[in-house]
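Note sheet for the following structure.
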Amino acid sequence: RLYAKAKYKKEKKYVVWLTTAPIGGAVHEYRLSGIAERISIKDENLYFDSATNPQKNILNYINNASVVIINRPLISGKCGQIIHYAKKKGCKLIADLDDAVTSEMFYCNGRYLSYNQKNLVIKDGQMQEAALLSFEYITVSSDFLKAYYQDTFKEKVFLLRNKIFSGKIDLDIDHVKEPRAPIKIAIFSGSITHDHDIQTIILELITLKYFYNFELYFIGKSNVIDNYRDFKKLPFVKYNDSIKQMRYFDIIVAPLAFNDFNTAKSNIRFLEAGKAGKVIFAPNIGEFKSSITDGVNGFLYNEGKFLDKFIEITKPHVHDGKLDIISFRKQLSVLAKASQKTVEEKYTTSTHSDDDLDFKYLINKLLDRKEVDLS
């Protein structure tokens, strides 16, 4: 899907944003629509497409561009030609890393490699970081990654957090017709690369199912979940539809292993849950830790303490060994409203934060505007 802001102009006055992520993917869509709204270019053009789109000659986009933003250039070897061509044409380049990391950091996400394989991964990570020298600036979506890359690239690194689209969405659907209906817990995952993360809490979730008579759901792809009959499985849907789908559940769980790879991740699942008016149960790391106040607008669990945290929050609602579902659901409702308020006030594209102003300043600077408006 293309987001074209104006008709094609021949003068070098527009920005091209290319992604190496799949068109239609949730991360891609949020990043794309978020940047489109936040740059607010009026008289220049802003073009979006996939850098790996085989149907189009992407280099044609670059011929008259002033600025080329490449999303996630480290995870695709197909960007070399684009980078070389853009530099040759005199374009200014931004590497939009989002929450993607180098191979070296990717290794720590539960990948157990031999000594030689690990050395290759580290060398590959070093080569990827060296490739970033071709870019004038680097944008990332988390404080962790900003600090990580600033060690090497200093003032070239800008923070641009992921935000969710502004405006209303049809959220009339809600499964809670009977207050005593079992609590429904859901995991949303669009990739089997999260299998290692899911494994860290899967047994605890199954324990909760039998102890409290909870219902467990998994939406997406996972080889691990396929081995368990305790989950009701649903196919993954497009990002807007996933927010509507969350309305069927009481709690959204975002399972992540505690390591640098996941600390670098953005908090998109919290933004989705907040937009849907639901409570999230997330690890106490990175952007989740920054955006969630435990017990106020969501729940945070520490490493190895997932089950302990659940017992802690349900304990006030347990009487004579049974969970008072009505009472517990009322508590969840209060947190869900707080979560929705947090997202609407701080994490939609219509809200303005310091990183938005920094990024708008950066784009204006690269377009050689004489006057930079930061209002």
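In the structure tokens, chains take the letters A, B, ... in the order shown, each chain's residues start at 1, and ligands count up from 1 in the order shown.
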
task: DSSP on the backbone, then: every residue of segment 173-232 of chain A marked strand (DSSP E or B), written as a ChimeraX atom specification.
output: /A:184-189,215-220,231-232

task: Provide the atom CA of Pro316 of chain A to atom CA of Thr207 of chain A distance in Å, to one decimal place.
output: 18.9 Å

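Residues in contact with Lys92 of chain A at 10 Å, where only C-alpha atoms are counted and same-chain residues fewer than 6 positions away are skipped, are listed as Val15, Ala65, Ser66, Val67, Val68, Ile69, Ile83, Ala86, Ser134, Phe135, Glu136, Tyr137, Leu366 and Leu367 of chain A.
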
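Distance annotation: of A:Gly190, A:Gly277, A:Gly295, A:Pro255, the residue with the minimal separation from Glu204 of chain A is A:Pro255; atom set is only C-alpha atoms.
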
Would you write out, as a Markdown table, a table of all residues in segment 240-272 of chain A that have an atom no more than 12 Å from an atom of segment 138-141 of chain A, listing for each the closest atom pair and the distance in Å to one decimal, considering only C-alpha atoms and ordering rows by chain and rising residue number?
| residue | atom | partner | partner_atom | distance |
| --- | --- | --- | --- | --- |
| A:Thr263 | CA | A:Ser141 | CA | 11.3 |
| A:Ala264 | CA | A:Ser141 | CA | 8.2 |
| A:Lys265 | CA | A:Ser141 | CA | 7.8 |
| A:Ser266 | CA | A:Ser141 | CA | 6.2 |
| A:Asn267 | CA | A:Ser141 | CA | 9.3 |
| A:Ile268 | CA | A:Ser141 | CA | 10.4 |

Mind running segment 154-221 of chain A against segment 348-358 of chain A at 9 Å and telling me each contacting residue's nearest atom pair with the distance in Å (one decimal), counting only C-alpha atoms, chain and number ascending, as a tab-separated table?
residue	atom	partner	partner_atom	distance
A:Phe158	CA	A:Asp358	CA	7.4
A:Leu159	CA	A:Asp355	CA	5.8
A:Leu160	CA	A:Asp355	CA	5.4
A:Arg161	CA	A:Asp355	CA	7.2
A:Asn162	CA	A:Thr348	CA	8.8
A:Lys163	CA	A:Thr348	CA	5.1
A:Ile164	CA	A:Thr348	CA	4.8
A:Phe165	CA	A:Thr348	CA	5.5
A:Ser166	CA	A:Thr348	CA	5.1
A:Gly167	CA	A:Ser350	CA	8.4

message: List as a PyMOL selection string the protein and nucleic acid residues near Gln199 of chain A, meaning an atom at most 9 Å away when only C-alpha atoms are counted, but skip any in the same chain fewer than 6 places from it.
response: chain A and resi 224-225+255+257
